[in-house]
Amino acid sequence: QQRPEVRDVELDLESGVSLLGLVVRYPDGKPALEAERVRILVDHRDLIGGRVRVRQIDLDGLRLYLRRRAPDDDLPGLPGVFREGAAPGGLGEGLAGPLPLIRIRPGDDGSRVVIQETRTLASHEPLVLDCDRIDASPDGPRYDVRASFSSAFLGPCDFHISLDTATAIADCTVQVRRVAWERADLALLAPGIRRVLPPIELGGSAAATVRARVDLDPLAVLDLSGEAALMGLRGAFGNFHTGDRAGLPFGLEDAACTVRFDRRHVVVPDFRAVFVSPDGTRGEFGLELDLDLEKVDEETDFVLRGRGVRASTNDLRLLVPPDLVESIVDIYLPAGTFDFEIDVQRAEGAGERVVADLHLRDGEFNYAGKLD
């Protein structure tokens with residue numbers, strides 16, 4: 001294990017000990033942590049009694065470099081020096097007295113967290129989070145952490161972590177006030193990520209809040225929930241049923257929705273968009289979705305709505321599931337401008353119930369009525 005390096009030390013009875021130019025390195029010699037200045041305030045009453053208890057730590061110009069914990073693990077982990085001395089049964093166990101107040105500020109060159117070796121991006125550039133401020137303070141048996149970050153990909157982000165030091169369980173909230181991306185940004189993702197995405201390319205913006213309960217020792221997510229608002233979505237999509245990305249013939253404009261999720265469900269109550277057919281005709285399009293993540297194949301309720309959606313027979317072959325292509329599209333060869341509402345309810349052991357209300361305004365297939 002590399003020993004910490006310090007360029008200079010200042011001692012003051014009032015302000016405590018200041019470490020200037022602190023560097024902690026990984027075993028390979030590359031920096032794990034750098035700080036322009038670290039001020040350590042101790043409790044003078046404990047000093048008189050022959051004990052040392054750190055009351056407050058101020059860090060200016062902090063730079064923390066995180067790596068993957070293992071070659072096959074994308075989650076970043078703290079350098080080993082920060083884990084040494086951790087006692088079983090909780091992060092606070094084995095520490096001399098309560099955890100100190102910690103404050104992190106930008107300093108002269110800014111404070112940042114650098115996540116290295118991320119495999120979600122196509123390039124090998126690290127993900128850099130600029131730190132506006134971090135305040136960590138003890139609150140009885142809990143340790144409260146509040147932080148504000150931003151990055152080139154994200155707008156301002158607020159973090160709140162309430163850690164139970166006895167159990168090492170943390171309640172975390174992350175709020176992303178705004179993130180914006182362009183359709184071309186999809187190319188920034190690693191090829192392995194792009195391969196599993198549906199055939200759609202979108203630009204737009206979003207705001208989101210994510211809440212999680214996390215066991216830090218060992219690291220495990222115990223609960224997860226949140227909501228997001230997506231706005232100004234625009235782009236193109238292809239055949240969702242085959243995953244074919246060739247051409248992405250269908251356009252999407254002025255799309256917006258909200259998403260609510262937890263570890264079991266994803267609910268989209270109000271997706272709406274303008275559907276653009278390959279010939280440039282526009283129509284309104286909407287979706288309501290309630291997806292049970294534990295029973296994706298057995299239970300999926302959704303309502304699909306469209307108004308003034310124009311599609312040719314070949315368009316419909318790309319848009320609808322293969323079984324409907326065989327039973328309806330290839331037999332009746334529908335084409336034209338459609339208004340529709342399709343309500344699909346699927347329950348475990350009860351099969352699938354579909355209620356479809358389909359109206360053809362004009363075209364080659366003249367049918368309007370109920371299919372039940």
# chains A, B, ... in the order shown; residues from 1 in each chain; ligands from 1

$ residues_around --residues "range 229-243 of chain A" --least-positions-apart "4" --cutoff "7 Å" --atoms "only C-alpha atoms" --output "number ranges by chain"
A: 183, 198-208, 248-259, 318-319, 321

$ write_last_selection --atoms "N, CA and C atoms" --output "PDB file, in the first residue's frame"
ATOM      1  N   ARG A 183     -29.492  13.492 -30.563  1.00  0.00           N
ATOM      2  CA  ARG A 183     -29.644  12.169 -31.171  1.00  0.00           C
ATOM      3  C   ARG A 183     -28.285  11.544 -31.485  1.00  0.00           C
ATOM      4  N   PRO A 198     -33.244  -0.588 -27.909  1.00  0.00           N
ATOM      5  CA  PRO A 198     -34.224  -0.755 -28.980  1.00  0.00           C
ATOM      6  C   PRO A 198     -33.850   0.101 -30.184  1.00  0.00           C
ATOM      7  N   PRO A 199     -34.441  -0.167 -31.355  1.00  0.00           N
ATOM      8  CA  PRO A 199     -34.088   0.582 -32.567  1.00  0.00           C
ATOM      9  C   PRO A 199     -34.688   1.983 -32.557  1.00  0.00           C
ATOM     10  N   ILE A 200     -34.109   2.856 -31.765  1.00  0.00           N
ATOM     11  CA  ILE A 200     -34.609   4.218 -31.648  1.00  0.00           C
ATOM     12  C   ILE A 200     -33.446   5.149 -31.344  1.00  0.00           C
ATOM     13  N   GLU A 201     -33.478   6.334 -31.937  1.00  0.00           N
ATOM     14  CA  GLU A 201     -32.484   7.360 -31.675  1.00  0.00           C
ATOM     15  C   GLU A 201     -33.222   8.639 -31.322  1.00  0.00           C
ATOM     16  N   LEU A 202     -32.950   9.192 -30.150  1.00  0.00           N
ATOM     17  CA  LEU A 202     -33.690  10.345 -29.657  1.00  0.00           C
ATOM     18  C   LEU A 202     -32.757  11.409 -29.119  1.00  0.00           C
ATOM     19  N   GLY A 203     -33.155  12.648 -29.260  1.00  0.00           N
ATOM     20  CA  GLY A 203     -32.566  13.760 -28.536  1.00  0.00           C
ATOM     21  C   GLY A 203     -33.642  14.366 -27.658  1.00  0.00           C
ATOM     22  N   GLY A 204     -33.247  15.134 -26.665  1.00  0.00           N
ATOM     23  CA  GLY A 204     -34.239  15.745 -25.782  1.00  0.00           C
ATOM     24  C   GLY A 204     -33.617  16.150 -24.464  1.00  0.00           C
ATOM     25  N   SER A 205     -34.449  16.314 -23.474  1.00  0.00           N
ATOM     26  CA  SER A 205     -33.977  16.671 -22.138  1.00  0.00           C
ATOM     27  C   SER A 205     -34.828  15.953 -21.109  1.00  0.00           C
ATOM     28  N   ALA A 206     -34.326  15.908 -19.869  1.00  0.00           N
ATOM     29  CA  ALA A 206     -35.029  15.186 -18.817  1.00  0.00           C
ATOM     30  C   ALA A 206     -34.632  15.738 -17.465  1.00  0.00           C
ATOM     31  N   ALA A 207     -35.494  15.505 -16.500  1.00  0.00           N
ATOM     32  CA  ALA A 207     -35.210  15.746 -15.088  1.00  0.00           C
ATOM     33  C   ALA A 207     -35.638  14.495 -14.339  1.00  0.00           C
ATOM     34  N   ALA A 208     -34.898  14.130 -13.303  1.00  0.00           N
ATOM     35  CA  ALA A 208     -35.181  12.858 -12.645  1.00  0.00           C
ATOM     36  C   ALA A 208     -34.821  12.905 -11.175  1.00  0.00           C
ATOM     37  N   LEU A 248     -34.234   3.264 -39.812  1.00  0.00           N
ATOM     38  CA  LEU A 248     -35.088   3.949 -38.835  1.00  0.00           C
ATOM     39  C   LEU A 248     -36.113   4.828 -39.575  1.00  0.00           C
ATOM     40  N   PRO A 249     -37.078   4.206 -40.276  1.00  0.00           N
ATOM     41  CA  PRO A 249     -37.926   4.958 -41.214  1.00  0.00           C
ATOM     42  C   PRO A 249     -38.966   5.863 -40.564  1.00  0.00           C
ATOM     43  N   PHE A 250     -39.286   5.679 -39.285  1.00  0.00           N
ATOM     44  CA  PHE A 250     -40.374   6.423 -38.664  1.00  0.00           C
ATOM     45  C   PHE A 250     -39.823   7.560 -37.802  1.00  0.00           C
ATOM     46  N   GLY A 251     -40.436   8.714 -37.917  1.00  0.00           N
ATOM     47  CA  GLY A 251     -39.995   9.866 -37.159  1.00  0.00           C
ATOM     48  C   GLY A 251     -40.825  10.072 -35.904  1.00  0.00           C
ATOM     49  N   LEU A 252     -40.233  10.759 -34.923  1.00  0.00           N
ATOM     50  CA  LEU A 252     -40.905  11.085 -33.675  1.00  0.00           C
ATOM     51  C   LEU A 252     -40.581  12.537 -33.349  1.00  0.00           C
ATOM     52  N   GLU A 253     -41.609  13.331 -33.076  1.00  0.00           N
ATOM     53  CA  GLU A 253     -41.410  14.742 -32.786  1.00  0.00           C
ATOM     54  C   GLU A 253     -42.260  15.158 -31.595  1.00  0.00           C
ATOM     55  N   ASP A 254     -41.814  16.199 -30.895  1.00  0.00           N
ATOM     56  CA  ASP A 254     -42.582  16.809 -29.800  1.00  0.00           C
ATOM     57  C   ASP A 254     -43.061  15.777 -28.789  1.00  0.00           C
ATOM     58  N   ALA A 255     -42.229  14.791 -28.496  1.00  0.00           N
ATOM     59  CA  ALA A 255     -42.622  13.738 -27.559  1.00  0.00           C
ATOM     60  C   ALA A 255     -42.298  14.142 -26.129  1.00  0.00           C
ATOM     61  N   ALA A 256     -43.138  13.705 -25.201  1.00  0.00           N
ATOM     62  CA  ALA A 256     -42.928  13.964 -23.783  1.00  0.00           C
ATOM     63  C   ALA A 256     -43.631  12.885 -22.979  1.00  0.00           C
ATOM     64  N   CYS A 257     -43.121  12.626 -21.782  1.00  0.00           N
ATOM     65  CA  CYS A 257     -43.780  11.655 -20.916  1.00  0.00           C
ATOM     66  C   CYS A 257     -43.195  11.763 -19.515  1.00  0.00           C
ATOM     67  N   THR A 258     -43.883  11.149 -18.578  1.00  0.00           N
ATOM     68  CA  THR A 258     -43.344  10.932 -17.240  1.00  0.00           C
ATOM     69  C   THR A 258     -43.185   9.431 -17.027  1.00  0.00           C
ATOM     70  N   VAL A 259     -42.213   9.073 -16.201  1.00  0.00           N
ATOM     71  CA  VAL A 259     -41.942   7.668 -15.908  1.00  0.00           C
ATOM     72  C   VAL A 259     -41.812   7.519 -14.399  1.00  0.00           C
ATOM     73  N   LEU A 318     -43.958  -3.238 -40.210  1.00  0.00           N
ATOM     74  CA  LEU A 318     -42.849  -2.915 -39.320  1.00  0.00           C
ATOM     75  C   LEU A 318     -43.308  -2.498 -37.931  1.00  0.00           C
ATOM     76  N   LEU A 319     -44.550  -2.015 -37.830  1.00  0.00           N
ATOM     77  CA  LEU A 319     -45.014  -1.438 -36.574  1.00  0.00           C
ATOM     78  C   LEU A 319     -45.699  -2.437 -35.656  1.00  0.00           C
ATOM     79  N   PRO A 321     -46.991  -6.302 -34.066  1.00  0.00           N
ATOM     80  CA  PRO A 321     -46.364  -7.592 -33.764  1.00  0.00           C
ATOM     81  C   PRO A 321     -46.536  -8.586 -34.904  1.00  0.00           C
TER      82      PRO A 321
END

$ select_by_dssp --residues "range 76-323 of chain A" --states "helix (DSSP H, G or I)" --output "list in words"
Gly80, Val81, Phe82, Arg183, Ala184, Asp185, Leu186, Ala187, Leu188, Pro191, Gly192, Ile193, Arg194, Arg195, Val196, Thr313, Asn314, Asp315, Leu316, Arg317, Leu318, Leu319, Pro322 and Asp323 of chain A

$ write_last_selection --atoms "C-alpha atoms" --output "PDB file, in the first residue's frame"
ATOM      1  CA  GLY A  80      -8.006   0.382  -0.539  1.00  0.00           C
ATOM      2  CA  VAL A  81      -6.491   2.924   1.857  1.00  0.00           C
ATOM      3  CA  PHE A  82      -9.997   4.176   2.665  1.00  0.00           C
ATOM      4  CA  ARG A 183     -29.644  12.169 -31.171  1.00  0.00           C
ATOM      5  CA  ALA A 184     -26.015  11.848 -32.299  1.00  0.00           C
ATOM      6  CA  ASP A 185     -24.888  11.319 -28.665  1.00  0.00           C
ATOM      7  CA  LEU A 186     -25.935   7.682 -28.979  1.00  0.00           C
ATOM      8  CA  ALA A 187     -22.581   7.133 -30.699  1.00  0.00           C
ATOM      9  CA  LEU A 188     -20.839   8.034 -27.424  1.00  0.00           C
ATOM     10  CA  PRO A 191     -20.934  -0.761 -28.665  1.00  0.00           C
ATOM     11  CA  GLY A 192     -22.088  -3.343 -26.126  1.00  0.00           C
ATOM     12  CA  ILE A 193     -24.586  -0.866 -24.687  1.00  0.00           C
ATOM     13  CA  ARG A 194     -25.855   0.201 -28.111  1.00  0.00           C
ATOM     14  CA  ARG A 195     -26.477  -3.395 -29.145  1.00  0.00           C
ATOM     15  CA  VAL A 196     -29.073  -3.982 -26.402  1.00  0.00           C
ATOM     16  CA  THR A 313     -49.229  -1.621 -45.504  1.00  0.00           C
ATOM     17  CA  ASN A 314     -45.440  -1.954 -45.410  1.00  0.00           C
ATOM     18  CA  ASP A 315     -45.302   0.521 -42.505  1.00  0.00           C
ATOM     19  CA  LEU A 316     -47.735  -1.632 -40.542  1.00  0.00           C
ATOM     20  CA  ARG A 317     -45.635  -4.712 -41.193  1.00  0.00           C
ATOM     21  CA  LEU A 318     -42.849  -2.915 -39.320  1.00  0.00           C
ATOM     22  CA  LEU A 319     -45.014  -1.438 -36.574  1.00  0.00           C
ATOM     23  CA  PRO A 322     -45.687 -10.509 -36.152  1.00  0.00           C
ATOM     24  CA  ASP A 323     -48.869 -12.376 -35.155  1.00  0.00           C
TER      25      ASP A 323
END

$ residues_around --residues "Glu10 in chain A" --least-positions-apart "2" --cutoff "10 Å" --atoms "only C-alpha atoms" --output "PyMOL selection string"
chain A and resi 8+12+15-20+39

$ write_last_selection --atoms "N, CA, C and O atoms" --output "PDB file, in the first residue's frame"
ATOM      1  N   ASP A   8       3.582  19.935   2.458  1.00  0.00           N
ATOM      2  CA  ASP A   8       3.915  20.783   3.603  1.00  0.00           C
ATOM      3  C   ASP A   8       2.855  20.602   4.673  1.00  0.00           C
ATOM      4  O   ASP A   8       1.727  20.165   4.402  1.00  0.00           O
ATOM      5  N   ASP A  12      -1.517  25.075  13.833  1.00  0.00           N
ATOM      6  CA  ASP A  12      -2.085  26.269  14.460  1.00  0.00           C
ATOM      7  C   ASP A  12      -3.034  25.810  15.547  1.00  0.00           C
ATOM      8  O   ASP A  12      -3.866  24.910  15.330  1.00  0.00           O
ATOM      9  N   SER A  15      -6.732  26.788  14.248  1.00  0.00           N
ATOM     10  CA  SER A  15      -7.240  26.156  13.025  1.00  0.00           C
ATOM     11  C   SER A  15      -6.803  24.706  12.873  1.00  0.00           C
ATOM     12  O   SER A  15      -7.198  24.034  11.916  1.00  0.00           O
ATOM     13  N   GLY A  16      -5.985  24.196  13.793  1.00  0.00           N
ATOM     14  CA  GLY A  16      -5.598  22.801  13.760  1.00  0.00           C
ATOM     15  C   GLY A  16      -4.431  22.534  12.826  1.00  0.00           C
ATOM     16  O   GLY A  16      -3.550  23.368  12.644  1.00  0.00           O
ATOM     17  N   VAL A  17      -4.438  21.361  12.207  1.00  0.00           N
ATOM     18  CA  VAL A  17      -3.364  20.921  11.323  1.00  0.00           C
ATOM     19  C   VAL A  17      -3.821  21.071   9.879  1.00  0.00           C
ATOM     20  O   VAL A  17      -4.919  20.650   9.522  1.00  0.00           O
ATOM     21  N   SER A  18      -2.983  21.665   9.026  1.00  0.00           N
ATOM     22  CA  SER A  18      -3.277  21.777   7.603  1.00  0.00           C
ATOM     23  C   SER A  18      -2.233  20.993   6.821  1.00  0.00           C
ATOM     24  O   SER A  18      -1.024  21.199   7.001  1.00  0.00           O
ATOM     25  N   LEU A  19      -2.699  20.076   5.977  1.00  0.00           N
ATOM     26  CA  LEU A  19      -1.835  19.315   5.084  1.00  0.00           C
ATOM     27  C   LEU A  19      -1.937  19.935   3.700  1.00  0.00           C
ATOM     28  O   LEU A  19      -3.023  20.023   3.124  1.00  0.00           O
ATOM     29  N   LEU A  20      -0.833  20.371   3.164  1.00  0.00           N
ATOM     30  CA  LEU A  20      -0.809  21.013   1.855  1.00  0.00           C
ATOM     31  C   LEU A  20      -0.289  20.029   0.810  1.00  0.00           C
ATOM     32  O   LEU A  20       0.721  19.352   1.020  1.00  0.00           O
ATOM     33  N   ARG A  39      -7.603  20.630   6.146  1.00  0.00           N
ATOM     34  CA  ARG A  39      -7.527  21.161   7.515  1.00  0.00           C
ATOM     35  C   ARG A  39      -8.187  20.154   8.460  1.00  0.00           C
ATOM     36  O   ARG A  39      -9.314  19.728   8.229  1.00  0.00           O
TER      37      ARG A  39
END

$ residues_around --residues "Phe149 in chain A" --least-positions-apart "3" --cutoff "10 Å" --atoms "only C-alpha atoms" --output "PyMOL selection string"
chain A and resi 111-113+128-134+154-159+176

$ write_last_selection --atoms "N, CA, C and O atoms" --output "tab-separated table (two decimals), in the first residue's frame"
chain	number	residue	atom	x	y	z
A	111	SER	N	-12.93	21.10	-7.25
A	111	SER	CA	-13.00	19.74	-6.70
A	111	SER	C	-13.80	18.88	-7.65
A	111	SER	O	-14.80	19.31	-8.20
A	112	ARG	N	-13.37	17.64	-7.81
A	112	ARG	CA	-14.07	16.78	-8.76
A	112	ARG	C	-13.87	15.31	-8.40
A	112	ARG	O	-12.90	14.94	-7.74
A	113	VAL	N	-14.83	14.50	-8.85
A	113	VAL	CA	-14.73	13.04	-8.76
A	113	VAL	C	-14.55	12.52	-10.18
A	113	VAL	O	-15.34	12.86	-11.08
A	128	VAL	N	-16.19	12.73	-15.53
A	128	VAL	CA	-15.77	13.72	-14.54
A	128	VAL	C	-16.98	14.43	-13.96
A	128	VAL	O	-17.81	14.97	-14.71
A	129	LEU	N	-17.10	14.41	-12.64
A	129	LEU	CA	-18.16	15.13	-11.93
A	129	LEU	C	-17.52	16.29	-11.17
A	129	LEU	O	-16.67	16.08	-10.30
A	130	ASP	N	-17.88	17.51	-11.54
A	130	ASP	CA	-17.37	18.69	-10.83
A	130	ASP	C	-18.18	18.91	-9.56
A	130	ASP	O	-19.41	18.91	-9.59
A	131	CYS	N	-17.48	19.08	-8.47
A	131	CYS	CA	-18.11	19.19	-7.15
A	131	CYS	C	-18.24	20.65	-6.76
A	131	CYS	O	-17.24	21.36	-6.63
A	132	ASP	N	-19.47	21.10	-6.59
A	132	ASP	CA	-19.70	22.47	-6.10
A	132	ASP	C	-19.51	22.54	-4.59
A	132	ASP	O	-18.91	23.48	-4.08
A	133	ARG	N	-20.05	21.55	-3.89
A	133	ARG	CA	-19.87	21.50	-2.44
A	133	ARG	C	-20.32	20.14	-1.93
A	133	ARG	O	-21.20	19.48	-2.50
A	134	ILE	N	-19.68	19.71	-0.84
A	134	ILE	CA	-20.09	18.50	-0.12
A	134	ILE	C	-20.03	18.83	1.36
A	134	ILE	O	-19.03	19.35	1.86
A	154	LEU	N	-24.29	16.05	-17.54
A	154	LEU	CA	-25.41	16.33	-16.65
A	154	LEU	C	-25.42	17.79	-16.25
A	154	LEU	O	-24.37	18.42	-16.11
A	155	GLY	N	-26.62	18.32	-16.07
A	155	GLY	CA	-26.74	19.63	-15.45
A	155	GLY	C	-26.52	19.50	-13.96
A	155	GLY	O	-25.98	18.49	-13.47
A	156	PRO	N	-26.94	20.46	-13.17
A	156	PRO	CA	-26.76	20.37	-11.72
A	156	PRO	C	-27.44	19.13	-11.14
A	156	PRO	O	-28.58	18.81	-11.49
A	157	CYS	N	-26.73	18.46	-10.25
A	157	CYS	CA	-27.26	17.27	-9.57
A	157	CYS	C	-27.09	17.45	-8.07
A	157	CYS	O	-26.05	17.92	-7.60
A	158	ASP	N	-28.10	17.05	-7.31
A	158	ASP	CA	-28.05	17.13	-5.86
A	158	ASP	C	-28.12	15.72	-5.27
A	158	ASP	O	-28.96	14.91	-5.68
A	159	PHE	N	-27.22	15.44	-4.34
A	159	PHE	CA	-27.17	14.14	-3.67
A	159	PHE	C	-27.49	14.35	-2.19
A	159	PHE	O	-27.02	15.31	-1.58
A	176	VAL	N	-31.48	14.94	-10.44
A	176	VAL	CA	-30.88	15.54	-11.63
A	176	VAL	C	-31.85	16.61	-12.12
A	176	VAL	O	-32.93	16.30	-12.59

$ residues_around --residues "range 302-306 of chain A" --least-positions-apart "5" --cutoff "8 Å" --atoms "only C-alpha atoms" --output "compact mmCIF listing (two decimals) with all heavy atoms, in the first residue's frame"
# COMPACT_ATOMS: atom_id res chain seq x y z
N GLY A 283 -49.08 12.47 -37.44
CA GLY A 283 -50.26 12.09 -36.68
C GLY A 283 -49.94 12.01 -35.20
O GLY A 283 -48.78 11.79 -34.82
N GLU A 284 -50.93 12.19 -34.34
CA GLU A 284 -50.72 12.13 -32.90
C GLU A 284 -50.64 10.68 -32.44
O GLU A 284 -51.35 9.80 -32.95
CB GLU A 284 -51.85 12.85 -32.17
CG GLU A 284 -51.94 14.34 -32.50
CD GLU A 284 -53.14 14.99 -31.85
OE1 GLU A 284 -53.82 14.31 -31.06
OE2 GLU A 284 -53.39 16.17 -32.12
N PHE A 285 -49.82 10.46 -31.42
CA PHE A 285 -49.56 9.09 -30.97
C PHE A 285 -49.37 9.12 -29.46
O PHE A 285 -48.76 10.05 -28.92
CB PHE A 285 -48.31 8.56 -31.67
CG PHE A 285 -47.80 7.25 -31.18
CD1 PHE A 285 -48.43 6.07 -31.53
CD2 PHE A 285 -46.68 7.19 -30.37
CE1 PHE A 285 -47.95 4.86 -31.09
CE2 PHE A 285 -46.19 5.97 -29.92
CZ PHE A 285 -46.83 4.81 -30.29
N GLY A 286 -49.91 8.12 -28.75
CA GLY A 286 -49.78 8.09 -27.29
C GLY A 286 -49.69 6.68 -26.77
O GLY A 286 -50.02 5.71 -27.45
N LEU A 287 -49.22 6.58 -25.51
CA LEU A 287 -49.04 5.26 -24.90
C LEU A 287 -49.19 5.37 -23.40
O LEU A 287 -48.70 6.32 -22.78
CB LEU A 287 -47.65 4.71 -25.24
CG LEU A 287 -47.21 3.41 -24.54
CD1 LEU A 287 -48.03 2.24 -25.06
CD2 LEU A 287 -45.72 3.16 -24.75
N GLU A 288 -49.90 4.40 -22.81
CA GLU A 288 -49.92 4.21 -21.36
C GLU A 288 -49.40 2.81 -21.09
O GLU A 288 -49.85 1.85 -21.70
CB GLU A 288 -51.34 4.35 -20.81
CG GLU A 288 -51.95 5.73 -20.98
CD GLU A 288 -53.38 5.79 -20.46
OE1 GLU A 288 -53.77 4.86 -19.72
OE2 GLU A 288 -54.11 6.73 -20.82
N LEU A 289 -48.46 2.70 -20.16
CA LEU A 289 -47.79 1.42 -19.94
C LEU A 289 -47.64 1.15 -18.46
O LEU A 289 -47.27 2.04 -17.69
CB LEU A 289 -46.41 1.43 -20.61
CG LEU A 289 -45.49 0.23 -20.37
CD1 LEU A 289 -46.05 -1.00 -21.06
CD2 LEU A 289 -44.07 0.52 -20.86
N ASP A 290 -47.94 -0.08 -18.05
CA ASP A 290 -47.69 -0.55 -16.69
C ASP A 290 -46.99 -1.89 -16.81
O ASP A 290 -47.60 -2.89 -17.17
CB ASP A 290 -48.99 -0.68 -15.91
CG ASP A 290 -48.75 -1.01 -14.43
OD1 ASP A 290 -47.62 -1.43 -14.10
OD2 ASP A 290 -49.67 -0.85 -13.63
N LEU A 291 -45.70 -1.90 -16.53
CA LEU A 291 -44.89 -3.09 -16.75
C LEU A 291 -44.42 -3.66 -15.43
O LEU A 291 -43.80 -2.97 -14.62
CB LEU A 291 -43.67 -2.71 -17.62
CG LEU A 291 -42.68 -3.82 -17.97
CD1 LEU A 291 -43.35 -4.89 -18.81
CD2 LEU A 291 -41.49 -3.23 -18.71
N PHE A 338 -55.27 6.39 -39.69
CA PHE A 338 -55.96 5.63 -38.66
C PHE A 338 -56.16 6.46 -37.39
O PHE A 338 -55.31 7.27 -37.02
CB PHE A 338 -55.14 4.38 -38.28
CG PHE A 338 -54.96 3.40 -39.39
CD1 PHE A 338 -53.89 3.52 -40.27
CD2 PHE A 338 -55.84 2.34 -39.55
CE1 PHE A 338 -53.70 2.61 -41.29
CE2 PHE A 338 -55.66 1.43 -40.58
CZ PHE A 338 -54.59 1.56 -41.45
N ASP A 339 -57.30 6.24 -36.74
CA ASP A 339 -57.49 6.59 -35.33
C ASP A 339 -57.68 5.26 -34.61
O ASP A 339 -58.45 4.40 -35.07
CB ASP A 339 -58.73 7.46 -35.12
CG ASP A 339 -58.61 8.81 -35.80
OD1 ASP A 339 -57.48 9.24 -36.07
OD2 ASP A 339 -59.66 9.41 -36.07
N PHE A 340 -57.00 5.07 -33.48
CA PHE A 340 -57.14 3.78 -32.82
C PHE A 340 -56.90 3.90 -31.33
O PHE A 340 -56.28 4.85 -30.85
CB PHE A 340 -56.14 2.76 -33.41
CG PHE A 340 -54.70 3.17 -33.32
CD1 PHE A 340 -53.96 2.93 -32.18
CD2 PHE A 340 -54.08 3.80 -34.39
CE1 PHE A 340 -52.64 3.31 -32.08
CE2 PHE A 340 -52.74 4.18 -34.30
CZ PHE A 340 -52.02 3.93 -33.15
N GLU A 341 -57.41 2.94 -30.60
CA GLU A 341 -57.11 2.74 -29.19
C GLU A 341 -57.06 1.24 -28.94
O GLU A 341 -58.05 0.54 -29.20
CB GLU A 341 -58.13 3.40 -28.28
CG GLU A 341 -57.82 3.17 -26.80
CD GLU A 341 -58.67 4.01 -25.87
OE1 GLU A 341 -58.88 5.20 -26.19
OE2 GLU A 341 -59.10 3.49 -24.84
N ILE A 342 -55.94 0.77 -28.48
CA ILE A 342 -55.75 -0.66 -28.22
C ILE A 342 -55.40 -0.83 -26.76
O ILE A 342 -54.41 -0.30 -26.27
CB ILE A 342 -54.64 -1.24 -29.12
CG1 ILE A 342 -54.95 -1.01 -30.60
CG2 ILE A 342 -54.44 -2.72 -28.83
CD1 ILE A 342 -53.83 -1.42 -31.53
N ASP A 343 -56.24 -1.56 -26.04
CA ASP A 343 -56.07 -1.80 -24.61
C ASP A 343 -55.69 -3.27 -24.43
O ASP A 343 -56.48 -4.16 -24.75
CB ASP A 343 -57.36 -1.48 -23.85
CG ASP A 343 -57.17 -1.52 -22.33
OD1 ASP A 343 -56.14 -2.03 -21.88
OD2 ASP A 343 -58.06 -1.03 -21.62
N VAL A 344 -54.48 -3.51 -23.93
CA VAL A 344 -53.99 -4.87 -23.74
C VAL A 344 -53.83 -5.14 -22.25
O VAL A 344 -53.14 -4.40 -21.55
CB VAL A 344 -52.64 -5.09 -24.46
CG1 VAL A 344 -52.13 -6.50 -24.20
CG2 VAL A 344 -52.78 -4.84 -25.95
N GLN A 345 -54.48 -6.19 -21.77
CA GLN A 345 -54.39 -6.59 -20.37
C GLN A 345 -53.94 -8.05 -20.32
O GLN A 345 -54.56 -8.92 -20.90
CB GLN A 345 -55.75 -6.43 -19.67
CG GLN A 345 -56.27 -5.00 -19.69
CD GLN A 345 -57.67 -4.90 -19.14
OE1 GLN A 345 -58.22 -5.86 -18.60
NE2 GLN A 345 -58.27 -3.73 -19.28

$ atom_distance --atom1 "CA of Asp262 in chain A" --atom2 "CA of Ala180 in chain A"
23.4 Å
